[in-house]
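**Q** One file is attached below, run_18.cif, containing mmCIF, C-alpha atoms.
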data_input
loop_
_atom_site.group_PDB
_atom_site.id
_atom_site.type_symbol
_atom_site.label_atom_id
_atom_site.label_comp_id
_atom_site.auth_asym_id
_atom_site.auth_seq_id
_atom_site.Cartn_x
_atom_site.Cartn_y
_atom_site.Cartn_z
ATOM 1 C CA MET A 282 46.798 11.123 -20.696
ATOM 2 C CA ASN A 283 46.543 13.306 -23.760
ATOM 3 C CA ALA A 284 43.486 14.020 -25.883
ATOM 4 C CA THR A 285 44.245 11.280 -28.430
ATOM 5 C CA GLN A 286 44.430 8.561 -25.790
ATOM 6 C CA ARG A 287 41.245 9.827 -24.161
ATOM 7 C CA TYR A 288 39.474 9.806 -27.536
ATOM 8 C CA ARG A 289 40.628 6.227 -28.234
ATOM 9 C CA ARG A 290 39.349 5.085 -24.858
ATOM 10 C CA LEU A 291 35.995 6.707 -25.527
ATOM 11 C CA VAL A 292 35.799 5.001 -28.904
ATOM 12 C CA MET A 293 36.612 1.648 -27.283
ATOM 13 C CA LEU A 294 33.940 2.254 -24.634
ATOM 14 C CA HIS A 295 31.439 3.200 -27.315
ATOM 15 C CA LYS A 296 32.307 0.210 -29.509
ATOM 16 C CA HIS A 297 32.536 -2.529 -26.946
ATOM 17 C CA GLY A 298 30.910 -1.245 -23.744
ATOM 18 C CA GLY A 299 27.340 -2.281 -24.504
ATOM 19 C CA TRP A 300 27.856 -5.835 -25.657
ATOM 20 C CA LEU A 301 30.536 -6.559 -23.046
ATOM 21 C CA TYR A 302 28.206 -5.371 -20.300
ATOM 22 C CA ALA A 303 25.343 -7.441 -21.746
ATOM 23 C CA ALA A 304 27.523 -10.574 -21.807
ATOM 24 C CA LEU A 305 28.726 -9.959 -18.244
ATOM 25 C CA TYR A 306 25.151 -9.255 -17.125
ATOM 26 C CA LEU A 307 23.839 -12.479 -18.672
ATOM 27 C CA ALA A 308 26.617 -14.568 -17.135
ATOM 28 C CA LEU A 309 26.213 -13.117 -13.644
ATOM 29 C CA MET A 310 22.410 -13.217 -13.737
ATOM 30 C CA ALA A 311 22.547 -16.870 -14.836
ATOM 31 C CA LEU A 312 24.761 -17.531 -11.800
ATOM 32 C CA PHE A 313 22.371 -15.548 -9.596
ATOM 33 C CA PHE A 314 19.367 -17.552 -10.798
ATOM 34 C CA LYS A 315 21.293 -20.818 -10.451
ATOM 35 C CA LEU A 316 22.008 -20.012 -6.805
ATOM 36 C CA ARG A 317 18.743 -18.312 -5.783
ATOM 37 C CA PHE A 318 15.866 -19.579 -7.949
ATOM 38 C CA TYR A 319 13.312 -22.182 -6.887
ATOM 39 C CA ARG A 320 9.773 -23.088 -7.888
ATOM 40 C CA LEU A 321 6.930 -23.951 -5.524
ATOM 41 C CA GLU A 322 4.726 -26.960 -6.100
ATOM 42 C CA TYR A 323 1.165 -26.135 -7.019
ATOM 43 C CA TYR A 324 -1.452 -27.504 -4.654
ATOM 44 C CA PRO A 325 -5.047 -26.357 -5.174
ATOM 45 C CA LYS A 326 -5.604 -26.257 -1.406
ATOM 46 C CA ALA A 327 -6.747 -22.767 -0.321
ATOM 47 C CA SER A 328 -4.643 -22.648 2.842
ATOM 48 C CA TYR A 329 -1.468 -23.490 0.890
ATOM 49 C CA LEU A 330 -2.223 -20.874 -1.774
ATOM 50 C CA GLN A 331 -2.903 -18.245 0.873
ATOM 51 C CA LYS A 332 0.107 -19.135 3.027
ATOM 52 C CA HIS A 333 2.562 -18.770 0.136
ATOM 53 C CA LYS A 334 0.731 -15.836 -1.505
ATOM 54 C CA ILE A 335 0.730 -17.546 -4.875
ATOM 55 C CA ALA A 336 -1.843 -15.165 -6.301
ATOM 56 C CA LYS A 337 0.476 -12.240 -5.564
ATOM 57 C CA TYR A 338 3.977 -13.647 -6.185
ATOM 58 C CA GLY A 339 3.404 -16.699 -8.372
ATOM 59 C CA LEU A 340 5.181 -20.026 -8.178
ATOM 60 C CA ASP A 341 8.630 -18.841 -9.301
ATOM 61 C CA ARG A 342 10.620 -17.479 -6.379
ATOM 62 C CA LEU A 343 14.040 -16.270 -5.333
ATOM 63 C CA HIS A 344 15.460 -17.153 -1.932
ATOM 64 C CA GLY A 345 15.304 -14.165 0.377
ATOM 65 C CA ASN A 346 13.151 -11.143 -0.313
ATOM 66 C CA LEU A 347 10.583 -11.853 -3.031
ATOM 67 C CA ALA A 348 9.903 -8.237 -3.935
ATOM 68 C CA SER A 349 13.375 -6.683 -4.190
ATOM 69 C CA ILE A 350 16.977 -7.582 -4.890
ATOM 70 C CA THR A 351 19.113 -7.826 -1.769
ATOM 71 C CA GLU A 352 22.363 -9.242 -3.163
ATOM 72 C CA TRP A 353 25.055 -6.547 -3.088
ATOM 73 C CA TRP A 354 26.839 -7.792 -6.216
ATOM 74 C CA VAL A 355 23.646 -7.794 -8.289
ATOM 75 C CA ILE A 356 22.848 -4.263 -7.147
ATOM 76 C CA GLY A 357 26.429 -3.258 -8.025
ATOM 77 C CA LEU A 358 26.095 -4.857 -11.455
ATOM 78 C CA LEU A 359 22.886 -2.936 -12.112
ATOM 79 C CA VAL A 360 24.423 0.362 -10.947
ATOM 80 C CA ILE A 361 27.389 -0.246 -13.267
ATOM 81 C CA GLY A 362 24.906 -0.743 -16.114
ATOM 82 C CA ILE A 363 23.158 2.535 -15.336
ATOM 83 C CA VAL A 364 26.444 4.456 -15.191
ATOM 84 C CA LEU A 365 27.800 2.759 -18.327
ATOM 85 C CA GLY A 366 24.634 3.397 -20.322
ATOM 86 C CA LEU A 367 24.514 7.051 -19.347
ATOM 87 C CA ALA A 368 28.255 7.500 -19.992
ATOM 88 C CA ILE A 369 27.986 6.018 -23.471
ATOM 89 C CA PHE A 370 24.956 8.186 -24.186
ATOM 90 C CA LEU A 371 26.576 11.404 -22.993
ATOM 91 C CA TYR A 372 30.046 10.922 -24.480
ATOM 92 C CA SER A 373 29.014 9.435 -27.798
ATOM 93 C CA GLY A 374 26.879 12.397 -28.788
ATOM 94 C CA ARG A 375 29.196 15.104 -27.541
ATOM 95 C CA GLN A 376 32.673 13.893 -28.350
ATOM 96 C CA LEU A 377 32.335 11.040 -30.828
ATOM 97 C CA ARG A 378 29.452 12.446 -32.901
ATOM 98 C CA GLN A 379 27.871 8.992 -32.989
ATOM 99 C CA PRO A 380 24.287 8.075 -32.064
ATOM 100 C CA GLY A 381 24.268 6.907 -28.468
ATOM 101 C CA TRP A 382 20.583 6.761 -27.675
ATOM 102 C CA SER A 383 20.662 2.948 -27.823
ATOM 103 C CA ALA A 384 22.717 3.025 -24.616
ATOM 104 C CA LEU A 385 19.689 4.521 -22.878
ATOM 105 C CA PHE A 386 18.028 1.110 -23.253
ATOM 106 C CA ILE A 387 20.948 -0.393 -21.322
ATOM 107 C CA ALA A 388 20.610 2.225 -18.572
ATOM 108 C CA ALA A 389 16.820 1.787 -18.404
ATOM 109 C CA GLY A 390 17.124 -2.001 -18.355
ATOM 110 C CA SER A 391 19.545 -1.794 -15.454
ATOM 111 C CA LEU A 392 17.262 0.598 -13.599
ATOM 112 C CA ILE A 393 14.023 -1.399 -13.954
ATOM 113 C CA PRO A 394 14.844 -4.131 -11.359
ATOM 114 C CA LEU A 395 15.804 -1.485 -8.817
ATOM 115 C CA ILE A 396 12.651 0.629 -8.966
ATOM 116 C CA GLY A 397 9.331 -0.092 -7.243
ATOM 117 C CA PRO A 398 6.563 -0.966 -6.660
ATOM 118 C CA TYR A 399 7.890 -3.513 -4.210
ATOM 119 C CA ASP A 400 4.664 -5.509 -3.919
ATOM 120 C CA GLU A 401 5.261 -7.868 -6.838
ATOM 121 C CA ASN A 402 7.726 -10.617 -7.641
ATOM 122 C CA VAL A 403 11.096 -9.205 -8.666
ATOM 123 C CA ILE A 404 11.647 -11.895 -11.319
ATOM 124 C CA ALA A 405 9.301 -10.132 -13.741
ATOM 125 C CA ARG A 406 11.236 -6.865 -13.406
ATOM 126 C CA ILE A 407 14.542 -8.703 -13.884
ATOM 127 C CA MET A 408 13.268 -10.329 -17.088
ATOM 128 C CA ILE A 409 11.961 -7.023 -18.475
ATOM 129 C CA GLY A 410 15.269 -5.352 -17.607
ATOM 130 C CA THR A 411 17.197 -8.160 -19.281
ATOM 131 C CA GLY A 412 15.171 -7.646 -22.445
ATOM 132 C CA PHE A 413 15.939 -3.929 -22.432
ATOM 133 C CA ILE A 414 19.664 -4.554 -21.875
ATOM 134 C CA LEU A 415 19.891 -7.108 -24.684
ATOM 135 C CA PHE A 416 17.900 -4.909 -27.051
ATOM 136 C CA GLY A 417 20.089 -1.887 -26.260
ATOM 137 C CA ALA A 418 23.331 -3.829 -26.675
ATOM 138 C CA LEU A 419 22.183 -5.357 -29.958
ATOM 139 C CA LEU A 420 20.950 -2.027 -31.265
ATOM 140 C CA GLN A 421 24.203 -0.329 -30.277
ATOM 141 C CA TRP A 422 26.176 -3.061 -32.005
ATOM 142 C CA PHE A 423 24.221 -2.618 -35.245
ATOM 143 C CA ILE A 424 24.401 1.174 -35.148
ATOM 144 C CA ASN A 425 28.134 1.133 -34.505
ATOM 145 C CA LYS A 426 28.984 -1.685 -36.906
ATOM 146 C CA PRO A 427 31.016 0.658 -39.166
ATOM 147 C CA LEU A 428 33.055 1.612 -36.100
ATOM 148 C CA LEU A 429 33.662 -2.056 -35.354
ATOM 149 C CA THR A 430 34.716 -3.163 -38.803
ATOM 150 C CA GLY A 431 36.167 -0.014 -40.315
ATOM 151 C CA PRO A 432 35.691 1.043 -43.913
ATOM 152 C CA SER A 433 34.621 -1.628 -46.346
ATOM 153 C CA PRO A 434 37.395 -2.901 -48.616
ATOM 154 C CA TYR A 435 34.825 -3.457 -51.372
ATOM 155 C CA LYS A 436 33.747 0.153 -51.710
ATOM 156 C CA SER A 437 35.906 1.974 -54.148
ATOM 157 C CA ASP A 438 35.787 5.006 -56.393
ATOM 158 C CA LYS A 439 37.246 2.948 -59.235
ATOM 159 C CA PRO A 440 34.852 1.756 -61.919
ATOM 160 C CA LEU A 441 33.875 -1.894 -61.756
ATOM 161 C CA PHE A 442 35.066 -2.591 -65.311
ATOM 162 C CA SER A 443 37.897 -0.754 -66.949
ATOM 163 C CA GLU A 444 38.428 -0.139 -70.631
ATOM 164 C CA HIS A 445 42.059 -1.228 -70.328
ATOM 165 C CA SER A 446 41.618 -4.554 -68.622
#
Rewrite the coordinates I just gave you, this time as structure tokens.
**A**
Amino acid sequence: MNATQRYRRLVMLHKHGGWLYAALYLALMALFFKLRFYRLEYYPKASYLQKHKIAKYGLDRLHGNLASITEWWVIGLLVIGIVLGLAIFLYSGRQLRQPGWSALFIAAGSLIPLIGPYDENVIARIMIGTGFILFGALLQWFINKPLLTGPSPYKSDKPLFSEHS
């Protein structure tokens, strides 16, 4: 692979990496919540509230561990997001001379569900991370819009009206 092909691949990663990851993340997290999400009934009985630790974890739950993610494919998806966000950030500034700090939102959003403290419901961290990922992908799309569309056909050095029309 020569330098031109490597540069084109970096440009493609920079252009499309953020929003493609965000779309893949949303689709797979929707599948994850479809398979693992349930909601407890609320009973004001003290023994029920204490047994299910509703004050600590709330009514919204995921099957399995309430405080951390245990699915291997979700952890892999989040690690891919961290690596992709950092790669876009590092390569865009050094080799493409484009602002890549918006990809740090993608990396941070992928990291948030994986970090502690592990004494709270993981759904809140997943939702905060999803917000960061969507914000980073949207911001990267707006910053790199000239890269996506190319030069505008309406901008021209010619005068709008000519004397010889």
**Q** Starting from the displayed file, determine the output of the PyMOL selection byres ((chain A and resi 341) around 7) and express the residue list as a PyMOL selection string.
**A** chain A and resi 319-321+339-340+342
**Q** Can you build me a table of region 300-367 of chain A residues sitting at most 9 Å from region 394-401 of chain A, with the closest atom pair per residue and its distance in Å to one decimal, using all atoms listed in the file, sorted by chain and residue number, as CSV?
**A**
residue,atom,partner,partner_atom,distance
A:Lys337,CA,A:Glu401,CA,6.6
A:Tyr338,CA,A:Glu401,CA,6.0
A:Leu347,CA,A:Glu401,CA,7.7
A:Ala348,CA,A:Tyr399,CA,5.1
A:Ser349,CA,A:Tyr399,CA,6.3
A:Ile350,CA,A:Leu395,CA,7.3
A:Ile356,CA,A:Leu395,CA,7.8
A:Leu359,CA,A:Leu395,CA,7.9
**Q** Can you work out which one of A:Val355, A:Val360, A:Ala418, A:Leu316 has the shortest atom-to-atom distance to His297 (chain A), counting all atoms listed in the file?
**A** A:Ala418
**Q** Could you work out how far CA of Asn425 (chain A) lies from CA of Tyr372 (chain A), giving the answer in Å with one decimal?
**A**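 Computing the Euclidean distance for CA of Tyr372 (chain A) and CA of Asn425 (chain A) yields 14.1 Å.
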**Q** Counting only C-alpha atoms, which residues come within 12 Å of (16.1, -2.7, -18.9), with the point read in the file's coordinates, and could you list them as an MDAnalysis selection string?
**A** chainID A and resid 303 306 359:360 362:363 366 383:396 405:418
